[in-house]
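Student: Sharing query01.csv, CSV, C-alpha atoms:
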chain,number,residue,atom,x,y,z
A,30,MET,CA,17.6,-66.8,32.1
A,31,SER,CA,20.9,-65.1,32.1
A,32,THR,CA,21.2,-61.7,30.5
A,33,VAL,CA,24.5,-60.5,29.2
A,34,LYS,CA,25.4,-57.1,30.7
A,35,PRO,CA,27.9,-55.2,28.5
A,36,MET,CA,31.1,-54.0,30.1
A,37,HIS,CA,31.7,-50.4,29.6
A,38,ASP,CA,35.0,-48.7,29.2
A,39,ASP,CA,34.3,-45.4,31.0
A,40,THR,CA,37.8,-43.9,30.7
A,41,ALA,CA,36.6,-41.2,28.3
A,42,LEU,CA,33.6,-40.5,30.5
A,43,LYS,CA,35.8,-40.1,33.5
A,44,ALA,CA,38.1,-37.7,31.7
A,45,ARG,CA,35.1,-35.6,30.7
A,46,LEU,CA,33.8,-35.6,34.3
A,47,GLN,CA,37.1,-34.2,35.5
A,48,ASN,CA,37.1,-31.4,33.0
A,49,PRO,CA,35.0,-28.4,34.3
A,50,ALA,CA,34.0,-27.5,30.8
A,51,SER,CA,32.4,-30.9,30.0
A,52,LYS,CA,31.6,-32.0,33.6
A,53,GLU,CA,27.9,-31.2,33.5
A,54,ALA,CA,27.2,-32.7,30.0
A,55,ALA,CA,29.3,-35.8,31.0
A,56,PHE,CA,27.3,-36.2,34.2
A,57,GLY,CA,24.1,-36.0,32.1
A,58,ASP,CA,25.5,-38.9,30.2
A,59,VAL,CA,26.2,-40.8,33.4
A,60,VAL,CA,22.6,-40.3,34.5
A,61,ALA,CA,21.3,-41.5,31.2
A,62,GLU,CA,23.6,-44.5,31.2
A,63,TYR,CA,23.0,-45.7,34.8
A,64,GLN,CA,19.6,-44.4,35.8
A,65,GLU,CA,17.7,-47.6,34.9
A,66,ARG,CA,20.1,-50.0,36.4
A,67,LEU,CA,20.4,-48.1,39.6
A,68,TYR,CA,16.7,-47.5,39.8
A,69,TYR,CA,15.8,-51.2,39.6
A,70,HIS,CA,18.5,-52.1,42.1
A,71,ILE,CA,17.1,-49.5,44.5
A,72,ARG,CA,13.5,-50.4,43.8
A,73,ARG,CA,14.1,-54.1,44.6
A,74,MET,CA,15.6,-53.1,47.9
A,75,LEU,CA,12.9,-50.6,48.8
A,76,GLY,CA,9.7,-51.8,47.1
A,77,SER,CA,7.9,-48.6,46.3
A,78,HIS,CA,8.5,-46.4,43.3
A,79,ASP,CA,8.3,-43.1,45.3
A,80,GLU,CA,11.0,-44.2,47.7
A,81,ALA,CA,13.1,-45.5,44.9
A,82,ASP,CA,12.7,-42.2,43.0
A,83,ASP,CA,13.9,-40.3,46.1
A,84,VAL,CA,16.8,-42.5,46.6
A,85,LEU,CA,17.8,-42.5,43.0
A,86,GLN,CA,17.9,-38.7,43.1
A,87,ASN,CA,19.9,-38.7,46.3
A,88,THR,CA,22.3,-41.2,44.7
A,89,PHE,CA,23.0,-38.9,41.7
A,90,ILE,CA,23.1,-35.8,43.9
A,91,ARG,CA,25.7,-37.4,46.1
A,92,ALA,CA,27.6,-38.6,43.1
A,93,TRP,CA,27.5,-35.1,41.6
A,94,ARG,CA,28.8,-33.5,44.8
A,95,ALA,CA,31.6,-36.0,45.0
A,96,ILE,CA,32.5,-36.3,41.4
A,97,ASP,CA,35.5,-34.0,41.7
A,98,LYS,CA,37.0,-36.5,44.2
A,99,PHE,CA,36.3,-39.5,42.0
A,100,ARG,CA,39.7,-40.2,40.5
A,101,GLY,CA,38.7,-43.4,38.8
A,102,ASP,CA,40.5,-45.8,41.1
A,103,SER,CA,37.3,-47.9,41.0
A,104,LYS,CA,34.9,-48.3,38.2
A,105,LEU,CA,32.3,-45.7,37.8
A,106,HIS,CA,29.8,-48.5,37.8
A,107,THR,CA,31.1,-49.8,41.2
A,108,TRP,CA,31.2,-46.4,42.7
A,109,LEU,CA,27.6,-45.5,41.7
A,110,TYR,CA,26.3,-48.9,42.9
A,111,ARG,CA,28.1,-48.3,46.2
A,112,ILE,CA,26.4,-44.9,46.6
A,113,ALA,CA,23.0,-46.3,45.6
A,114,THR,CA,23.2,-49.2,47.9
A,115,ASN,CA,24.3,-47.1,50.8
A,116,GLU,CA,21.5,-44.6,50.1
A,117,ALA,CA,18.9,-47.4,49.9
A,118,LEU,CA,20.2,-48.9,53.2
A,119,THR,CA,19.9,-45.4,54.8
A,120,ALA,CA,16.4,-45.0,53.4
A,121,ILE,CA,15.4,-48.4,54.9
A,122,GLU,CA,16.9,-47.4,58.2
A,123,LYS,CA,14.9,-44.1,58.2
A,124,ARG,CA,11.8,-46.0,57.3
A,125,LYS,CA,12.4,-48.3,60.2
A,126,ARG,CA,12.9,-45.4,62.5
A,127,ARG,CA,9.6,-43.9,61.4
A,128,SER,CA,8.0,-47.2,62.0
A,129,PHE,CA,6.8,-47.3,58.4
A,130,GLN,CA,8.1,-50.7,57.6
A,131,ASP,CA,4.8,-52.2,57.0
A,132,LEU,CA,4.8,-55.0,54.6
A,133,GLU,CA,1.2,-54.4,53.7
A,134,GLN,CA,2.0,-50.9,52.6
A,135,ILE,CA,5.0,-52.1,50.7
A,136,SER,CA,2.8,-54.6,49.0
A,137,ASN,CA,0.3,-52.0,48.1
A,138,THR,CA,2.8,-49.6,46.6
A,139,SER,CA,4.9,-52.2,44.8
A,140,SER,CA,3.7,-53.2,41.4
A,141,PHE,CA,5.7,-55.2,38.8
A,142,SER,CA,5.5,-56.0,35.2
A,143,SER,CA,7.3,-58.9,33.7
A,144,SER,CA,9.1,-59.1,30.5
A,145,GLN,CA,7.8,-62.6,30.2
A,146,ASP,CA,4.5,-63.2,28.4
A,147,GLY,CA,2.7,-65.0,31.2
A,148,SER,CA,-0.7,-63.5,31.8
A,149,ASN,CA,0.0,-63.4,35.6
A,150,GLY,CA,3.4,-61.8,35.2
A,151,ASP,CA,2.6,-59.0,37.6
A,152,ASP,CA,1.5,-61.4,40.2
A,153,ILE,CA,4.6,-63.5,39.9
A,154,GLN,CA,6.8,-60.5,40.1
A,155,GLN,CA,4.9,-59.3,43.1
A,156,ARG,CA,5.3,-62.6,44.8
A,157,LEU,CA,9.0,-62.5,44.2
A,158,GLN,CA,9.2,-59.0,45.5
A,159,ASN,CA,7.3,-60.0,48.6
A,160,ALA,CA,9.8,-62.8,49.2
A,161,ILE,CA,12.7,-60.4,48.7
A,162,GLU,CA,11.2,-58.2,51.3
A,163,THR,CA,11.6,-60.9,53.9
A,164,LEU,CA,15.4,-60.8,53.5
A,165,PRO,CA,17.7,-58.8,55.8
A,166,GLU,CA,18.6,-55.5,54.1
A,167,ARG,CA,22.2,-56.3,53.1
A,168,GLN,CA,21.1,-59.7,51.8
A,169,LYS,CA,18.5,-57.9,49.6
A,170,ALA,CA,21.3,-55.8,48.2
A,171,VAL,CA,23.5,-58.9,47.5
A,172,PHE,CA,20.6,-60.8,46.0
A,173,SER,CA,19.6,-57.9,43.8
A,174,MET,CA,23.1,-57.3,42.5
A,175,ARG,CA,23.8,-61.0,41.9
A,176,TYR,CA,20.5,-62.4,40.8
A,177,PHE,CA,19.1,-59.5,38.8
A,178,ASP,CA,22.2,-57.6,37.7
A,179,GLU,CA,24.4,-60.6,37.5
A,180,MET,CA,27.3,-58.7,38.9
A,181,PRO,CA,30.6,-60.5,39.6
A,182,TYR,CA,31.1,-61.3,43.3
A,183,GLN,CA,34.4,-59.4,43.3
A,184,GLU,CA,32.5,-56.2,42.2
A,185,ILE,CA,29.8,-56.7,44.8
A,186,SER,CA,32.6,-57.2,47.3
A,187,ASP,CA,34.1,-53.8,46.3
A,188,ILE,CA,30.7,-52.2,46.6
A,189,LEU,CA,29.7,-53.6,50.0
A,190,GLY,CA,33.1,-54.1,51.5
A,191,VAL,CA,32.4,-57.8,52.3
A,192,THR,CA,34.6,-60.7,51.3
A,193,VAL,CA,33.6,-62.8,48.3
A,194,GLY,CA,33.2,-65.9,50.5
A,195,SER,CA,30.7,-64.1,52.7
A,196,LEU,CA,28.9,-62.8,49.7
A,197,LYS,CA,28.5,-66.3,48.2
A,198,ALA,CA,27.2,-67.6,51.5
A,199,SER,CA,24.8,-64.6,51.8
A,200,TYR,CA,23.5,-65.1,48.2
A,201,HIS,CA,23.0,-68.8,48.7
A,202,HIS,CA,21.1,-68.1,51.9
A,203,ALA,CA,19.0,-65.6,50.1
A,204,VAL,CA,18.1,-68.0,47.3
A,205,LYS,CA,17.1,-70.6,49.8
A,206,LYS,CA,14.9,-68.2,51.8
A,207,ILE,CA,13.2,-66.9,48.8
A,208,GLU,CA,12.6,-70.4,47.4
A,209,GLU,CA,11.0,-71.3,50.8
A,210,GLN,CA,8.8,-68.2,50.7
A,211,LEU,CA,7.7,-69.0,47.2
A,212,THR,CA,7.0,-72.6,48.1
A,213,ASN,CA,5.2,-71.9,51.3
A,214,GLU,CA,2.9,-69.1,50.1
A,215,LYS,CA,-0.5,-69.9,48.6
B,9,MET,CA,45.4,-55.4,25.4
B,10,HIS,CA,44.8,-59.1,24.8
B,11,THR,CA,48.4,-60.4,24.9
B,12,SER,CA,47.8,-62.7,27.8
B,13,ASP,CA,44.3,-63.7,27.2
B,14,SER,CA,43.3,-67.2,26.5
B,15,HIS,CA,41.7,-66.5,23.1
B,16,ASN,CA,45.2,-66.2,21.7
B,17,ASP,CA,45.4,-69.9,21.9
B,18,LEU,CA,42.4,-70.4,19.7
B,19,PRO,CA,43.3,-72.4,16.6
B,20,HIS,CA,43.0,-69.5,14.1
B,21,ARG,CA,46.4,-69.1,12.6
B,22,ALA,CA,47.3,-66.2,10.4
B,23,ASP,CA,48.2,-68.5,7.5
B,24,GLU,CA,44.7,-69.9,7.5
B,25,LEU,CA,43.3,-66.4,6.7
B,26,GLN,CA,46.1,-65.3,4.4
B,27,ASP,CA,43.8,-65.5,1.4
B,28,ALA,CA,41.1,-63.6,3.1
B,29,PRO,CA,42.6,-60.3,4.2
B,30,LYS,CA,39.2,-58.6,4.7
B,31,LEU,CA,38.1,-61.4,7.0
B,32,GLN,CA,41.4,-61.2,8.8
B,33,ALA,CA,41.0,-57.5,9.3
B,34,LEU,CA,37.4,-57.9,10.4
B,35,ARG,CA,38.4,-60.6,12.9
B,36,SER,CA,41.1,-58.4,14.3
B,37,GLN,CA,38.6,-55.5,14.7
B,38,LEU,CA,36.0,-57.7,16.4
B,39,ARG,CA,38.6,-58.9,18.9
B,40,GLN,CA,39.2,-55.3,20.0
B,41,ASP,CA,35.7,-55.0,21.1
B,42,ALA,CA,36.3,-57.0,24.3
B,43,PRO,CA,36.9,-54.7,27.3
B,44,GLU,CA,40.3,-54.7,28.8
B,45,GLY,CA,40.7,-57.4,31.4
B,46,TYR,CA,37.6,-59.2,30.2
B,47,PHE,CA,39.4,-62.5,29.6
B,48,ALA,CA,41.6,-62.3,32.6
B,49,GLY,CA,38.8,-62.8,35.0
B,50,PHE,CA,36.5,-64.8,32.7
B,51,ARG,CA,37.3,-68.2,34.2
B,52,GLU,CA,36.6,-67.1,37.7
B,53,ARG,CA,33.3,-65.4,36.7
B,54,LEU,CA,32.3,-68.5,34.8
B,55,ALA,CA,33.1,-70.7,37.9
B,56,ASP,CA,30.9,-68.3,40.0
B,57,ARG,CA,28.1,-68.6,37.6
B,58,LEU,CA,28.3,-72.4,37.5
B,59,GLU,CA,28.2,-72.4,41.3
B,60,ASP,CA,25.2,-70.1,41.2
B,61,GLU,CA,23.5,-72.4,38.8
B,62,LYS,CA,23.9,-75.3,41.2
B,63,VAL,CA,22.3,-73.2,43.9
B,64,LEU,CA,19.5,-72.2,41.7
B,65,GLU,CA,18.9,-75.8,40.7
B,66,GLN,CA,17.7,-76.2,44.3
B,67,ALA,CA,15.3,-73.3,43.8
B,68,PRO,CA,13.0,-74.3,40.9
B,69,LYS,CA,10.3,-71.7,41.7
B,70,LEU,CA,12.8,-68.9,41.6
B,71,MET,CA,14.3,-70.4,38.4
B,72,GLU,CA,10.8,-70.5,36.9
B,73,ILE,CA,10.3,-66.8,37.6
B,74,GLY,CA,13.6,-65.8,36.2
B,75,ASN,CA,15.4,-62.6,36.6
B,76,GLU,CA,14.1,-60.5,33.7
B,77,GLY,CA,10.9,-59.2,35.3
B,78,ARG,CA,11.0,-55.6,36.2
B,79,PRO,CA,9.0,-53.4,38.6
B,80,GLU,CA,6.5,-51.2,36.9
B,81,VAL,CA,7.5,-47.6,36.4
B,82,PRO,CA,5.2,-44.7,35.6
B,83,ASN,CA,5.1,-43.8,32.0
B,84,GLY,CA,7.9,-41.5,30.8
B,85,TYR,CA,9.7,-41.7,34.2
B,86,PHE,CA,13.1,-42.5,32.7
B,87,GLU,CA,12.7,-40.0,29.9
B,88,ALA,CA,11.9,-37.2,32.3
B,89,PHE,CA,14.3,-38.2,35.1
B,90,PRO,CA,17.6,-36.7,33.7
B,91,LYS,CA,16.2,-33.3,33.1
B,92,ARG,CA,14.5,-33.3,36.5
B,93,LEU,CA,17.7,-34.3,38.2
B,94,MET,CA,19.9,-31.9,36.3
B,95,ASN,CA,17.5,-29.0,37.2
B,96,THR,CA,18.1,-30.0,40.9
B,97,ILE,CA,21.8,-30.3,40.9
B,98,ALA,CA,23.2,-28.0,38.2
B,99,PRO,CA,23.6,-24.5,39.4
B,100,ALA,CA,21.2,-22.1,37.7
B,101,PRO,CA,22.9,-20.1,35.1
B,102,VAL,CA,23.8,-16.7,36.5
B,103,ARG,CA,21.8,-14.2,34.7
B,104,SER,CA,23.1,-10.8,34.3
B,105,LEU,CA,21.0,-7.9,35.5
B,106,TRP,CA,20.3,-7.2,31.8
B,107,GLN,CA,18.8,-10.6,31.3
B,108,ARG,CA,16.2,-10.2,33.9
B,109,PRO,CA,12.8,-9.5,32.3
B,110,MET,CA,11.9,-6.8,34.8
B,111,VAL,CA,15.1,-4.9,34.0
B,112,TRP,CA,14.5,-5.2,30.3
B,113,ALA,CA,11.0,-3.9,30.7
B,114,VAL,CA,12.0,-1.1,33.0
B,115,ALA,CA,14.9,-0.1,30.8
B,116,ALA,CA,12.6,-0.2,27.8
B,117,GLY,CA,10.1,1.9,29.7
B,118,ILE,CA,12.8,4.5,30.4
B,119,ALA,CA,13.9,4.5,26.9
B,120,LEU,CA,10.4,5.0,25.8
B,121,LEU,CA,10.0,7.8,28.2
B,122,CYS,CA,13.2,9.3,27.0
B,123,ALA,CA,12.5,8.9,23.3
B,124,PHE,CA,9.0,10.2,23.2
B,125,GLY,CA,9.2,12.7,25.9
B,126,LEU,CA,6.1,11.4,27.7
B,127,MET,CA,7.5,11.7,31.2
B,128,TYR,CA,5.1,14.3,32.3
B,129,GLN,CA,2.1,13.4,30.3
B,130,PRO,CA,-0.9,12.0,32.0
B,131,ALA,CA,-1.2,8.2,31.9
B,132,ASP,CA,-4.6,8.1,30.3
B,133,GLN,CA,-3.6,8.0,26.6
B,134,GLY,CA,-3.9,4.4,25.7
B,135,PRO,CA,-1.7,1.3,26.1
B,136,ALA,CA,1.6,3.1,25.6
B,137,SER,CA,0.8,5.6,28.4
B,138,ASP,CA,-0.4,2.8,30.6
B,139,ALA,CA,2.8,0.9,30.1
B,140,ILE,CA,4.9,4.0,30.7
B,141,ALA,CA,3.0,4.7,33.9
B,142,LYS,CA,3.7,1.1,35.1
B,143,ALA,CA,7.3,1.5,34.3
B,144,GLY,CA,7.4,4.7,36.1
B,145,GLU,CA,6.0,3.1,39.2
B,146,VAL,CA,8.6,0.5,39.2
B,147,ILE,CA,11.3,3.0,38.7
B,148,ASP,CA,10.1,4.9,41.7
B,149,GLU,CA,10.7,1.8,43.8
B,150,MET,CA,14.1,1.0,42.4
B,151,GLU,CA,17.3,1.5,44.3
B,152,ASP,CA,19.6,4.1,42.7
B,153,GLN,CA,22.4,1.5,42.3
B,154,GLU,CA,20.1,-0.9,40.5
B,155,LEU,CA,18.9,1.8,38.2
B,156,LEU,CA,22.4,3.0,37.5
B,157,ALA,CA,23.5,-0.6,36.7
B,158,MET,CA,20.6,-1.1,34.4
B,159,LEU,CA,21.1,2.1,32.6
B,160,SER,CA,24.8,1.4,32.3
B,161,LEU,CA,23.9,-1.9,30.6
B,162,ALA,CA,21.6,0.0,28.3
B,163,GLY,CA,24.6,2.1,27.2
B,164,ALA,CA,23.3,5.2,28.9
B,165,GLU,CA,25.2,7.5,31.2
B,166,ALA,CA,23.5,8.6,34.4
B,167,GLU,CA,23.8,12.2,33.2
B,168,ASP,CA,21.9,11.3,30.1
B,169,VAL,CA,19.1,9.9,32.0
B,170,ALA,CA,19.1,12.7,34.5
B,171,SER,CA,18.6,14.9,31.5
B,172,VAL,CA,15.1,13.5,31.0
B,173,PHE,CA,14.1,12.6,34.5
B,174,SER,CA,14.1,15.3,37.1
B,175,VAL,CA,17.2,15.1,39.2
B,176,GLU,CA,15.2,14.9,42.4
B,177,GLU,CA,13.0,12.1,41.1
B,178,ILE,CA,15.8,9.6,40.5
B,179,GLY,CA,17.9,10.8,43.4
B,180,PHE,CA,21.0,11.8,41.6
B,181,GLN,CA,21.3,15.0,43.6
B,182,ASP,CA,24.7,15.8,42.2
B,183,LEU,CA,23.7,15.6,38.6
B,184,GLU,CA,22.5,18.4,36.5
B,185,GLY,CA,19.7,17.8,34.0
B,186,PHE,CA,19.6,18.9,30.5
B,187,GLU,CA,16.9,18.5,27.9
B,188,GLU,CA,18.4,17.2,24.7
B,189,GLU,CA,15.9,14.8,23.3
B,190,SER,CA,18.6,13.3,20.9
B,191,ASP,CA,20.3,11.7,23.9
B,192,ALA,CA,17.0,10.0,24.8
B,193,GLU,CA,16.6,8.8,21.2
B,194,ALA,CA,20.1,7.4,21.2
B,195,LEU,CA,19.2,5.5,24.4
B,196,LEU,CA,16.3,3.9,22.6
B,197,GLU,CA,18.4,3.0,19.6
B,198,SER,CA,21.0,1.4,21.9
B,199,LEU,CA,18.4,-1.0,23.0
B,200,ASP,CA,17.8,-2.0,19.4
B,201,LEU,CA,14.1,-2.5,20.1
B,202,SER,CA,11.1,-1.3,18.2
B,203,GLU,CA,8.3,0.5,20.0
B,204,ASN,CA,6.1,-2.6,19.8
B,205,ASP,CA,8.9,-4.7,21.2
B,206,ILE,CA,9.1,-2.4,24.1
B,207,LEU,CA,5.4,-2.4,24.8
B,208,ASP,CA,5.3,-6.2,24.5
B,209,LEU,CA,8.1,-6.5,27.0
B,210,ILE,CA,6.4,-4.2,29.4
B,211,ASN,CA,3.0,-5.8,29.1
B,212,GLU,CA,4.5,-9.3,29.4
B,213,THR,CA,6.2,-8.3,32.6
B,214,TYR,CA,3.4,-6.5,34.3
B,215,GLN,CA,0.2,-8.1,33.2
Could you render the structure from this file as structure tokens?
Tutor:
Amino acid sequence: MSTVKPMHDDTALKARLQNPASKEAAFGDVVAEYQERLYYHIRRMLGSHDEADDVLQNTFIRAWRAIDKFRGDSKLHTWLYRIATNEALTAIEKRKRRSFQDLEQISNTSSFSSSQDGSNGDDIQQRLQNAIETLPERQKAVFSMRYFDEMPYQEISDILGVTVGSLKASYHHAVKKIEEQLTNEK
Amino acid sequence: MHTSDSHNDLPHRADELQDAPKLQALRSQLRQDAPEGYFAGFRERLADRLEDEKVLEQAPKLMEIGNEGRPEVPNGYFEAFPKRLMNTIAPAPVRSLWQRPMVWAVAAGIALLCAFGLMYQPADQGPASDAIAKAGEVIDEMEDQELLAMLSLAGAEAEDVASVFSVEEIGFQDLEGFEEESDAEALLESLDLSENDILDLINETYQ
């Protein structure tokens, strides 16, 4: 079930981002390179496409505004995931404040397709998403980055500012809870 | 970049490949594909994965679903997203006054007026007259500074324009008019537009 994620050397990209003449084109490349990964990360945390779209845009807008300050001390990948995760958490907080956190609504607006060939792939993915929705917000982020993106714990630690040990415990809890949800549901 | 990595210990010694220089070169190239630091943290990453596998063994339903399913996304979403985003964040290119369609059209209208001496003819003589009349209306509403800037871009001097328009009408009270039609023709030439181009621009703008 494991998928191999390529490691990118973004030194050249960082250099282009810091050059005013190439900044905009380079940022376009960043968007093209990272949009899908960030979208799915955000989508798994939020559930609905519309919210994920808003947050993805906010993520890149924030990145664009801060790109001059990005000196490449961290990986571009880590930096973008950090922004995306924070934006998604902010969106969840706003949703809570608006009292819109309605699982039924989330369930109605979330739809999934599976790369597997099973005829009920959408249903399976929907069940998984419903189980993910029961996790605490930060645990969702941990689960998404570890389970779906197969990100090293150290990188997740850099993104969330949590120790590796805590992350492992959080991930293991998440797996256990999701399994329980999947087992208990009809 | 791989000096301390564990794959240096692999049992591929140079002498084993001495009769196959191309293969040796290929192997060397392939080894450069690994990102810097990849092998340094490999053992830890593998240990983490094995630990995860043990956890997932206790979650057979989750294992069965796998991690490759993806939420459904509207058709063409990712294709359209970069352009949509860049339109939001990238500053709109600063267009010079000359690049604005209205200014083009008005300047063209002025040039037309100048060149054909139609300024004081009634606006009931077909499309050209209509267009000129429309341009004239716009000119009436323009600020002097804007008109001056536009005319400057068209390569015309305020005095030249004042020669065709009445001084009072364009507000250049300190200019004296003259009536050399050649100046007006030069203005049209400076725009490098045919009469049809001018009419198209005017119609495009005011229709």
Student: Atom CA of Ala92 of chain A to atom CA of Phe50 of chain B: how many Å, to one decimal?
Tutor: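 Straight-line distance from atom CA of Ala92 of chain A to atom CA of Phe50 of chain B works out to 29.6 Å.
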Student: Tell me, in Å to one decimal, how far atom CA of Gln210 of chain A is from atom CA of Ala160 of chain A.
Tutor: 5.7 Å
Student: Between atom CA of Lys169 of chain A and atom CA of Asp39 of chain A, what is the spacing in Å?
Tutor: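 We find that atom CA of Asp39 of chain A and atom CA of Lys169 of chain A lie 27.4 Å from each other.
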Student: Write out as a Markdown table a residue-level contact list of chain B versus chain A with cut-off 12 Å: for each qualifying residue the closest pair of atoms and the distance in Å to one decimal, counting all atoms listed in the file, rows sorted by chain and residue number upward.
Tutor:
| residue | atom | partner | partner_atom | distance |
| --- | --- | --- | --- | --- |
| B:Asp41 | CA | A:Met36 | CA | 10.2 |
| B:Ala42 | CA | A:Met36 | CA | 8.3 |
| B:Pro43 | CA | A:Met36 | CA | 6.5 |
| B:Glu44 | CA | A:Asp38 | CA | 8.0 |
| B:Gly45 | CA | A:Met36 | CA | 10.3 |
| B:Tyr46 | CA | A:Met36 | CA | 8.3 |
| B:Phe47 | CA | A:Met36 | CA | 11.9 |
| B:Gly49 | CA | A:Pro181 | CA | 9.7 |
| B:Phe50 | CA | A:Pro181 | CA | 10.0 |
| B:Arg51 | CA | A:Pro181 | CA | 11.5 |
| B:Glu52 | CA | A:Pro181 | CA | 9.1 |
| B:Arg53 | CA | A:Pro181 | CA | 6.3 |
| B:Leu54 | CA | A:Pro181 | CA | 9.5 |
| B:Ala55 | CA | A:Pro181 | CA | 10.6 |
| B:Asp56 | CA | A:Tyr182 | CA | 7.7 |
| B:Arg57 | CA | A:Pro181 | CA | 8.7 |
| B:Leu58 | CA | A:Ser31 | CA | 11.7 |
| B:Glu59 | CA | A:Lys197 | CA | 9.2 |
| B:Asp60 | CA | A:His201 | CA | 7.9 |
| B:Glu61 | CA | A:Ser31 | CA | 10.2 |
| B:Lys62 | CA | A:His201 | CA | 10.0 |
| B:Val63 | CA | A:His201 | CA | 6.5 |
| B:Leu64 | CA | A:Val204 | CA | 7.1 |
| B:Glu65 | CA | A:Val204 | CA | 10.2 |
| B:Gln66 | CA | A:Lys205 | CA | 7.9 |
| B:Ala67 | CA | A:Glu208 | CA | 5.4 |
| B:Pro68 | CA | A:Glu208 | CA | 7.6 |
| B:Lys69 | CA | A:Glu208 | CA | 6.3 |
| B:Leu70 | CA | A:Glu208 | CA | 6.0 |
| B:Met71 | CA | A:Met30 | CA | 8.0 |
| B:Glu72 | CA | A:Met30 | CA | 9.1 |
| B:Ile73 | CA | A:Ile153 | CA | 7.0 |
| B:Gly74 | CA | A:Met30 | CA | 5.8 |
| B:Asn75 | CA | A:Phe177 | CA | 5.3 |
| B:Glu76 | CA | A:Ser144 | CA | 6.1 |
| B:Gly77 | CA | A:Ser143 | CA | 4.0 |
| B:Arg78 | CA | A:Ser143 | CA | 5.6 |
| B:Pro79 | CA | A:Phe141 | CA | 3.8 |
| B:Glu80 | CA | A:Phe141 | CA | 4.5 |
| B:Val81 | CA | A:His78 | CA | 7.1 |
| B:Pro82 | CA | A:His78 | CA | 8.5 |
| B:Tyr85 | CA | A:Asp82 | CA | 9.3 |
| B:Phe86 | CA | A:Glu65 | CA | 7.2 |
| B:Glu87 | CA | A:Ala61 | CA | 8.8 |
| B:Ala88 | CA | A:Ala61 | CA | 10.4 |
| B:Phe89 | CA | A:Gln64 | CA | 8.2 |
| B:Pro90 | CA | A:Val60 | CA | 6.2 |
| B:Lys91 | CA | A:Gly57 | CA | 8.4 |
| B:Arg92 | CA | A:Gln86 | CA | 9.2 |
| B:Leu93 | CA | A:Gln86 | CA | 6.6 |
| B:Met94 | CA | A:Gly57 | CA | 7.2 |
| B:Asn95 | CA | A:Gly57 | CA | 10.9 |
| B:Thr96 | CA | A:Ile90 | CA | 8.2 |
| B:Ile97 | CA | A:Ile90 | CA | 6.4 |
| B:Ala98 | CA | A:Glu53 | CA | 7.4 |
| B:Pro99 | CA | A:Glu53 | CA | 9.9 |
